[in-house]
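*Asks:* Okay, so here is my_file36.txt, and as you'll see once you scroll down, it has compact mmCIF, C-alpha atoms.
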# COMPACT_ATOMS: atom_id res chain seq x y z
CA MET A 47 0.00 0.00 0.00
CA ARG A 48 1.34 3.41 -1.02
CA LEU A 49 0.34 6.84 0.20
CA GLU A 50 -0.43 8.05 -3.31
CA GLN A 51 -3.03 5.29 -3.64
CA LEU A 52 -4.85 6.72 -0.63
CA THR A 53 -4.54 10.20 -2.11
CA TYR A 54 -6.10 9.02 -5.38
CA LEU A 55 -8.92 7.26 -3.55
CA ILE A 56 -9.71 10.44 -1.61
CA ALA A 57 -9.64 12.47 -4.84
CA VAL A 58 -12.21 10.16 -6.44
CA HIS A 59 -14.36 10.33 -3.33
CA GLU A 60 -14.30 14.13 -3.41
CA SER A 61 -14.94 14.60 -7.11
CA LYS A 62 -17.22 11.55 -7.63
CA SER A 63 -15.42 11.05 -10.93
CA ILE A 64 -12.28 9.12 -11.88
CA SER A 65 -11.55 11.44 -14.81
CA LEU A 66 -11.91 14.59 -12.71
CA ALA A 67 -9.86 13.05 -9.90
CA ALA A 68 -7.10 12.23 -12.40
CA GLU A 69 -7.16 15.80 -13.69
CA ARG A 70 -6.94 17.24 -10.19
CA THR A 71 -4.10 14.93 -9.10
CA HIS A 72 -2.24 15.50 -12.39
CA ILE A 73 -1.89 11.92 -13.55
CA SER A 74 -3.53 10.04 -16.40
CA GLN A 75 -6.92 8.43 -15.86
CA PRO A 76 -5.62 4.90 -16.62
CA ALA A 77 -2.78 5.38 -14.11
CA LEU A 78 -5.19 6.49 -11.39
CA SER A 79 -7.61 3.64 -12.09
CA SER A 80 -4.73 1.16 -12.06
CA ALA A 81 -3.42 2.46 -8.72
CA ILE A 82 -6.81 2.09 -7.05
CA SER A 83 -7.38 -1.34 -8.63
CA LYS A 84 -4.03 -2.51 -7.24
CA LEU A 85 -5.04 -1.22 -3.81
CA GLU A 86 -8.32 -3.14 -4.06
CA ASP A 87 -6.43 -6.30 -5.09
CA GLU A 88 -4.03 -5.91 -2.19
CA LEU A 89 -6.85 -5.43 0.33
CA GLY A 90 -9.08 -8.04 -1.28
CA VAL A 91 -12.11 -5.72 -1.33
CA VAL A 92 -13.94 -3.46 -3.76
CA LEU A 93 -13.57 0.18 -2.73
CA LEU A 94 -15.33 1.90 -5.63
CA LYS A 95 -18.51 1.34 -7.56
CA ARG A 96 -17.70 2.37 -11.13
CA THR A 97 -20.72 3.35 -13.25
CA ASN A 98 -21.44 5.51 -16.28
CA ALA A 99 -22.71 8.15 -13.85
CA GLY A 100 -19.40 8.30 -11.98
CA ALA A 101 -17.60 6.55 -9.14
CA ARG A 102 -18.90 6.06 -5.61
CA LEU A 103 -17.41 4.44 -2.54
CA THR A 104 -18.68 1.05 -1.46
CA GLU A 105 -19.65 0.49 2.17
CA ILE A 106 -16.16 -0.79 2.97
CA GLY A 107 -14.73 2.09 0.93
CA GLU A 108 -16.54 4.56 3.20
CA GLN A 109 -14.79 3.01 6.19
CA VAL A 110 -11.40 2.97 4.49
CA ILE A 111 -11.62 6.63 3.43
CA ILE A 112 -12.02 7.78 7.05
CA ILE A 113 -8.79 6.05 8.07
CA ALA A 114 -7.03 7.11 4.84
CA LYS A 115 -7.61 10.77 5.73
CA GLU A 116 -6.30 10.16 9.25
CA VAL A 117 -3.17 8.50 7.82
CA LEU A 118 -2.43 11.41 5.49
CA ASN A 119 -3.02 13.89 8.30
CA LYS A 120 -0.52 12.00 10.47
CA VAL A 121 2.01 12.03 7.61
CA ASP A 122 1.59 15.81 7.40
CA GLU A 123 2.15 16.06 11.17
CA ILE A 124 5.34 14.01 10.89
CA LYS A 125 6.64 16.30 8.13
CA SER A 126 5.73 19.38 10.17
CA ILE A 127 7.51 18.07 13.27
CA SER A 128 10.57 17.05 11.26
CA HIS A 129 11.01 20.24 9.29
CA GLY A 130 9.13 22.91 11.25
CA ASP A 131 8.80 26.19 9.37
CA SER A 132 11.49 25.14 6.90
CA ILE A 133 9.39 22.44 5.22
CA GLU A 134 9.34 22.79 1.43
CA LEU A 135 5.82 22.27 0.13
CA ASN A 136 4.93 21.36 -3.42
CA GLY A 137 1.79 20.48 -5.32
CA ASN A 138 -1.23 22.27 -6.73
CA ILE A 139 -4.23 24.14 -5.36
CA SER A 140 -7.33 25.04 -7.34
CA ILE A 141 -9.34 27.97 -6.08
CA ALA A 142 -12.30 29.85 -7.54
CA VAL A 143 -12.99 33.39 -6.37
CA ASP A 144 -15.68 36.00 -6.80
CA THR A 145 -14.65 38.85 -9.09
CA SER A 146 -14.74 41.34 -6.21
CA ILE A 147 -12.14 39.27 -4.38
CA ASN A 148 -10.04 38.75 -7.49
CA ILE A 149 -9.38 42.44 -8.15
CA THR A 150 -8.81 43.38 -4.52
CA VAL A 151 -7.27 40.83 -2.14
CA MET A 152 -6.23 37.92 -4.41
CA PRO A 153 -3.06 39.55 -5.76
CA GLU A 154 -1.68 39.84 -2.21
CA ILE A 155 -2.85 36.33 -1.29
CA LEU A 156 -1.21 34.74 -4.33
CA THR A 157 2.06 36.66 -4.16
CA THR A 158 2.43 36.11 -0.40
CA PHE A 159 1.77 32.38 -0.72
CA LYS A 160 4.08 32.03 -3.73
CA HIS A 161 6.85 33.82 -1.86
CA ASN A 162 6.49 31.42 1.08
CA HIS A 163 6.01 28.29 -1.05
CA PRO A 164 7.50 28.80 -4.53
CA LYS A 165 7.04 25.17 -5.61
CA VAL A 166 3.25 25.20 -5.14
CA ASP A 167 1.13 26.15 -8.15
CA ALA A 168 -2.18 27.90 -7.50
CA LEU A 169 -4.77 27.46 -10.26
CA LEU A 170 -7.19 30.39 -10.13
CA LYS A 171 -10.65 30.71 -11.67
CA VAL A 172 -12.70 33.89 -11.45
CA GLY A 173 -16.48 33.83 -11.49
CA GLU A 174 -19.74 34.78 -9.89
CA SER A 175 -20.44 33.50 -6.36
CA ASN A 176 -23.24 31.02 -7.16
CA ASN A 177 -21.26 29.63 -10.10
CA ILE A 178 -18.26 29.14 -7.81
CA LEU A 179 -20.47 27.38 -5.26
CA ARG A 180 -21.42 24.86 -7.95
CA ASP A 181 -17.75 24.36 -8.88
CA VAL A 182 -16.86 23.54 -5.27
CA GLN A 183 -19.86 21.24 -4.88
CA SER A 184 -18.90 19.32 -8.03
CA GLY A 185 -15.26 19.01 -6.98
CA LYS A 186 -13.89 21.22 -9.77
CA ALA A 187 -12.33 23.60 -7.23
CA ASP A 188 -10.73 22.80 -3.86
CA PHE A 189 -11.84 26.12 -2.39
CA GLY A 190 -14.03 29.07 -3.20
CA ILE A 191 -14.13 32.61 -1.88
CA ILE A 192 -17.61 33.96 -2.42
CA LEU A 193 -20.28 36.32 -1.20
CA LYS A 194 -22.58 34.53 1.24
CA THR A 195 -25.61 34.14 -1.04
CA ASP A 196 -29.02 32.56 -0.58
CA ALA A 197 -27.89 29.60 -2.68
CA PHE A 198 -25.01 29.00 -0.27
CA CYS A 199 -27.32 29.21 2.77
CA LYS A 200 -29.48 26.46 1.24
CA SER A 201 -26.51 24.25 0.31
CA LYS A 202 -25.45 21.12 2.17
CA ASP A 203 -22.16 19.42 2.98
CA ILE A 204 -20.16 22.67 2.75
CA ASN A 205 -17.69 23.95 5.33
CA TYR A 206 -17.14 27.68 5.49
CA LYS A 207 -15.15 30.32 7.29
CA GLU A 208 -16.25 33.96 7.38
CA LEU A 209 -13.36 36.13 6.25
CA PHE A 210 -14.86 39.61 6.66
CA THR A 211 -18.09 41.56 6.23
CA ASP A 212 -18.92 44.56 4.09
CA GLU A 213 -21.99 46.21 2.59
CA PHE A 214 -23.33 46.89 -0.88
CA VAL A 215 -22.95 50.31 -2.44
CA ILE A 216 -23.74 51.62 -5.92
CA ILE A 217 -21.23 52.43 -8.64
CA ALA A 218 -21.98 54.49 -11.74
CA GLY A 219 -20.20 56.48 -14.38
CA ASN A 220 -19.11 59.98 -13.39
CA ASN A 221 -21.32 61.36 -16.17
CA CYS A 222 -24.40 59.33 -15.21
CA GLU A 223 -27.37 61.76 -15.37
CA MET A 224 -29.52 59.49 -13.18
CA THR A 225 -27.10 59.95 -10.28
CA MET A 226 -25.71 63.41 -11.10
CA GLY A 227 -24.86 65.42 -8.01
CA SER A 228 -25.76 62.57 -5.66
CA SER A 229 -23.43 60.88 -3.20
CA THR A 230 -26.34 58.98 -1.60
CA MET A 231 -29.54 57.39 -2.86
CA THR A 232 -32.54 55.54 -1.43
CA LEU A 233 -32.75 51.80 -2.05
CA ASN A 234 -36.10 52.07 -3.84
CA LYS A 235 -34.73 54.68 -6.21
CA ALA A 236 -31.66 52.55 -6.92
CA LEU A 237 -33.71 49.43 -7.65
CA SER A 238 -35.83 51.39 -10.15
CA LEU A 239 -32.78 52.38 -12.24
CA PRO A 240 -31.27 50.23 -15.01
CA ILE A 241 -28.95 47.74 -13.30
CA LEU A 242 -25.86 45.92 -14.60
CA LEU A 243 -25.08 42.49 -13.10
CA TYR A 244 -21.90 40.45 -13.24
CA ASN A 245 -22.92 36.99 -14.42
CA THR A 246 -20.59 34.23 -15.62
CA GLU A 247 -23.06 31.64 -16.89
CA TYR A 248 -26.35 31.54 -18.78
CA ILE A 249 -28.10 31.25 -15.44
CA THR A 250 -29.73 34.40 -14.12
CA ASN A 251 -29.88 33.55 -10.40
CA CYS A 252 -26.55 35.22 -9.63
CA GLY A 253 -25.72 35.96 -6.00
CA VAL A 254 -26.11 39.74 -6.16
CA SER A 255 -29.54 39.58 -7.82
CA SER A 256 -30.82 36.99 -5.34
CA LEU A 257 -29.80 39.25 -2.45
CA LEU A 258 -31.30 42.39 -3.98
CA GLN A 259 -34.59 40.70 -4.92
CA LYS A 260 -35.49 40.56 -1.23
CA TYR A 261 -36.07 44.32 -1.40
CA GLY A 262 -38.07 44.57 -4.61
CA ASP A 263 -38.08 43.87 -8.34
CA LEU A 264 -34.90 44.60 -10.27
CA ASN A 265 -34.65 46.57 -13.49
CA VAL A 266 -31.84 44.51 -15.05
CA SER A 267 -30.50 45.97 -18.30
CA TYR A 268 -27.20 44.12 -18.70
CA ARG A 269 -25.55 40.88 -17.61
CA VAL A 270 -21.85 40.64 -18.44
CA ASP A 271 -18.98 38.33 -17.48
CA ASN A 272 -16.11 40.70 -18.11
CA LEU A 273 -14.91 43.41 -15.73
CA GLU A 274 -13.50 45.59 -18.50
CA MET A 275 -16.85 45.49 -20.29
CA MET A 276 -18.61 46.23 -17.00
CA GLU A 277 -16.48 49.33 -16.48
CA LYS A 278 -16.98 50.54 -20.06
CA ILE A 279 -20.76 50.16 -19.90
CA LEU A 280 -20.95 51.93 -16.55
CA SER A 281 -18.80 54.77 -17.87
CA GLN A 282 -21.42 55.40 -20.58
CA GLY A 283 -23.72 56.68 -17.82
CA LYS A 284 -26.79 54.62 -18.69
CA THR A 285 -26.78 52.07 -15.85
CA ILE A 286 -25.67 51.42 -12.26
CA ALA A 287 -24.31 48.38 -10.43
CA PHE A 288 -24.45 47.08 -6.87
CA VAL A 289 -21.08 45.88 -5.57
CA PRO A 290 -19.41 45.42 -2.17
CA GLN A 291 -17.83 48.64 -0.91
CA PHE A 292 -14.28 47.26 -1.04
CA MET A 293 -14.77 46.52 -4.76
CA ALA A 294 -16.26 49.97 -5.37
CA ASP A 295 -13.18 51.57 -3.83
CA GLU A 296 -11.07 49.74 -6.42
CA TYR A 297 -13.27 50.92 -9.30
CA VAL A 298 -13.16 54.55 -8.18
CA LYS A 299 -9.38 54.54 -8.73
CA SER A 300 -9.97 54.52 -12.51
CA GLY A 301 -11.31 58.09 -12.39
CA MET A 302 -14.31 57.10 -14.55
CA ILE A 303 -16.50 55.57 -11.82
CA LYS A 304 -18.05 57.07 -8.70
CA LYS A 305 -19.42 55.47 -5.55
CA ILE A 306 -22.88 56.18 -4.17
CA THR A 307 -23.99 54.95 -0.74
CA LEU A 308 -27.52 53.96 0.23
CA SER A 309 -29.13 56.57 2.46
CA ASP A 310 -31.86 54.41 4.00
CA ALA A 311 -30.47 50.86 4.10
CA HIS A 312 -27.38 48.87 5.02
CA LEU A 313 -27.18 45.77 2.84
CA GLU A 314 -24.54 43.79 4.73
CA ILE A 315 -22.72 41.00 2.95
CA SER A 316 -20.33 38.34 4.25
CA ILE A 317 -17.30 37.18 2.30
CA ILE A 318 -16.64 33.52 3.04
CA LEU A 319 -14.17 30.75 2.26
CA ILE A 320 -15.90 27.47 1.34
CA TRP A 321 -14.87 23.84 0.79
CA LEU A 322 -16.60 20.47 0.75
CA ASN A 323 -17.08 18.56 4.00
CA ARG A 324 -15.64 15.47 2.32
CA HIS A 325 -12.58 17.35 1.04
CA HIS A 326 -9.38 16.32 2.79
CA LEU A 327 -7.29 19.37 3.65
CA SER A 328 -3.66 18.73 2.76
CA MET A 329 -0.75 20.51 4.41
CA VAL A 330 -0.44 22.73 1.33
CA GLU A 331 -4.08 23.71 1.56
CA LYS A 332 -3.89 24.41 5.28
CA GLU A 333 -0.98 26.76 4.64
CA PHE A 334 -2.93 28.46 1.85
CA ILE A 335 -5.90 28.99 4.19
CA LYS A 336 -3.56 30.64 6.72
CA VAL A 337 -2.48 33.16 4.09
CA ILE A 338 -6.07 33.82 3.01
CA LYS A 339 -7.12 34.49 6.60
CA ALA A 340 -4.13 36.74 7.27
CA VAL A 341 -4.69 38.90 4.20
CA CYS A 342 -8.46 39.11 4.62
CA SER A 343 -8.14 40.03 8.30
CA LYS A 344 -6.91 43.43 7.10
CA LYS A 345 -10.40 44.04 5.69
CA MET A 346 -12.16 43.38 8.99
Just give me the structure as structure tokens.

*Replies:*
Amino acid sequence: MRLEQLTYLIAVHESKSISLAAERTHISQPALSSAISKLEDELGVVLLKRTNAGARLTEIGEQVIIIAKEVLNKVDEIKSISHGDSIELNGNISIAVDTSINITVMPEILTTFKHNHPKVDALLKVGESNNILRDVQSGKADFGIILKTDAFCKSKDINYKELFTDEFVIIAGNNCEMTMGSSTMTLNKALSLPILLYNTEYITNCGVSSLLQKYGDLNVSYRVDNLEMMEKILSQGKTIAFVPQFMADEYVKSGMIKKITLSDAHLEISIILIWLNRHHLSMVEKEFIKVIKAVCSKKM
């Protein structure tokens, strides 16, 4: 029995797919299948049910996976004790982040982590919060940093850690006639104006719209998946957007966008780190989480 066999078994358990597990562990699908088959032969049991719909653990596989995670955790502890802070980590991490996080705190997170652990590759995807939630649930991403949306609150089998809280504000072009001369606006007035939403799939239940719909109907004029396009449309002065305040502060730096606060409401939003309950946190991932928490603590 080899440690990598246990790692592959855990990867299949997390992703529910041999092909996706092979992609995430960076080996070929035949090699991964062969490694697990050899483990099954050695133990004399079937660990996985392989079907056209994916791969699932057998009853004995469910018992083995619990101990496999404990074994890998103990191996990480041994490495930590042996090397202390000087341990050289390597491997890969896949993380999906909301666009507001990507343009604000992710550069510091990635550069800090890379400085500390130069042999670890971080694979980054940027998207909308509900889309990222689906990526984490399906095993496509190890972690997600998202806005705490209604879809997340209804989800199951997800661990999360609140990183910091903020509130929604409005951004618009400096020449926007609908907001001319205003630094504040009522929520009802804002919801009546043409709204631009950041949306990364052909699914309209994005996180921001689901949060805003609690307060009334939305007048959605645009849905885009590109920040440059978002900025250009806003600068035309024909629409507004709701974004977290920390993201608005970044947009204002361009000189083309202004920030408008809500005069009669505080729409608080939580920014959270999420991962699957069944996902085994490796030493690399635990170190990455430490960096995420440290950088995001500056926003609290």

*Asks:* Closest to Asn272 of chain A among A:Thr158, A:Asn234, A:Ser146, A:Ser228, using all atoms listed in the file?

*Replies:*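 Ranking A:Thr158, A:Asn234, A:Ser146, A:Ser228 by distance to Asn272 of chain A, first place goes to A:Ser146.
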
*Asks:* Give me the residues within 9 Å of Leu237 of chain A as an mmCIF file with C-alpha atoms, in the frame of the given file, counting all atoms listed in the file and dropping any in the same chain fewer than 5 places off.

*Replies:*
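Contents of part29.cif, freshly written:
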data_model
loop_
_atom_site.group_PDB
_atom_site.id
_atom_site.type_symbol
_atom_site.label_atom_id
_atom_site.label_comp_id
_atom_site.auth_asym_id
_atom_site.auth_seq_id
_atom_site.Cartn_x
_atom_site.Cartn_y
_atom_site.Cartn_z
ATOM 1 C CA THR A 232 -32.540 55.540 -1.430
ATOM 2 C CA LEU A 258 -31.300 42.390 -3.980
ATOM 3 C CA TYR A 261 -36.070 44.320 -1.400
ATOM 4 C CA GLY A 262 -38.070 44.570 -4.610
ATOM 5 C CA ASP A 263 -38.080 43.870 -8.340
ATOM 6 C CA LEU A 264 -34.900 44.600 -10.270
ATOM 7 C CA ASN A 265 -34.650 46.570 -13.490
#

*Asks:* Rank A:Asn177, A:Ser343, A:Asn119, A:Thr250 by their smallest atom-to-atom distance to Thr145 of chain A, using only C-alpha atoms, and report the top residue only.

*Replies:*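 Of the candidates, the smallest distance to Thr145 of chain A is held by A:Asn177.
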
*Asks:* In Å, with one decimal, what is the gap from atom CA of Leu313 of chain A to atom CA of Glu213 of chain A?

*Replies:*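 Distance reported for this atom pair: 5.2 Å.
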
*Asks:* Edge lengths and centre, in Å to one decimal, as AutoDock Vina command-line options: that's what I need for the box along x, y and z that holds all listed atoms of segment 287-292 of chain A plus 3 Å on each side.

*Replies:*
--center_x -19.4 --center_y 47.0 --center_z -5.7 --size_x 16.2 --size_y 9.2 --size_z 15.5

*Asks:* List the neighbours of Glu277 of chain A out to 10 Å using all atoms listed in the file; skip same-chain residues closer than 6 positions along the sequence, and give me the result as a list in words.

*Replies:*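 Near neighbours after the sequence-gap exclusion: Ile217, Ala218, Gly219, Ala287, Tyr297, Ser300, Met302 and Ile303 of chain A.
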
*Asks:* Asn162 of chain A: which residues within 10 Å, counting all atoms listed in the file, same-chain residues fewer than 2 positions away excluded, as JSON, numbers by chain?

*Replies:* {"A": [132, 134, 135, 156, 157, 158, 159, 160, 164, 165, 166, 333, 334, 337]}
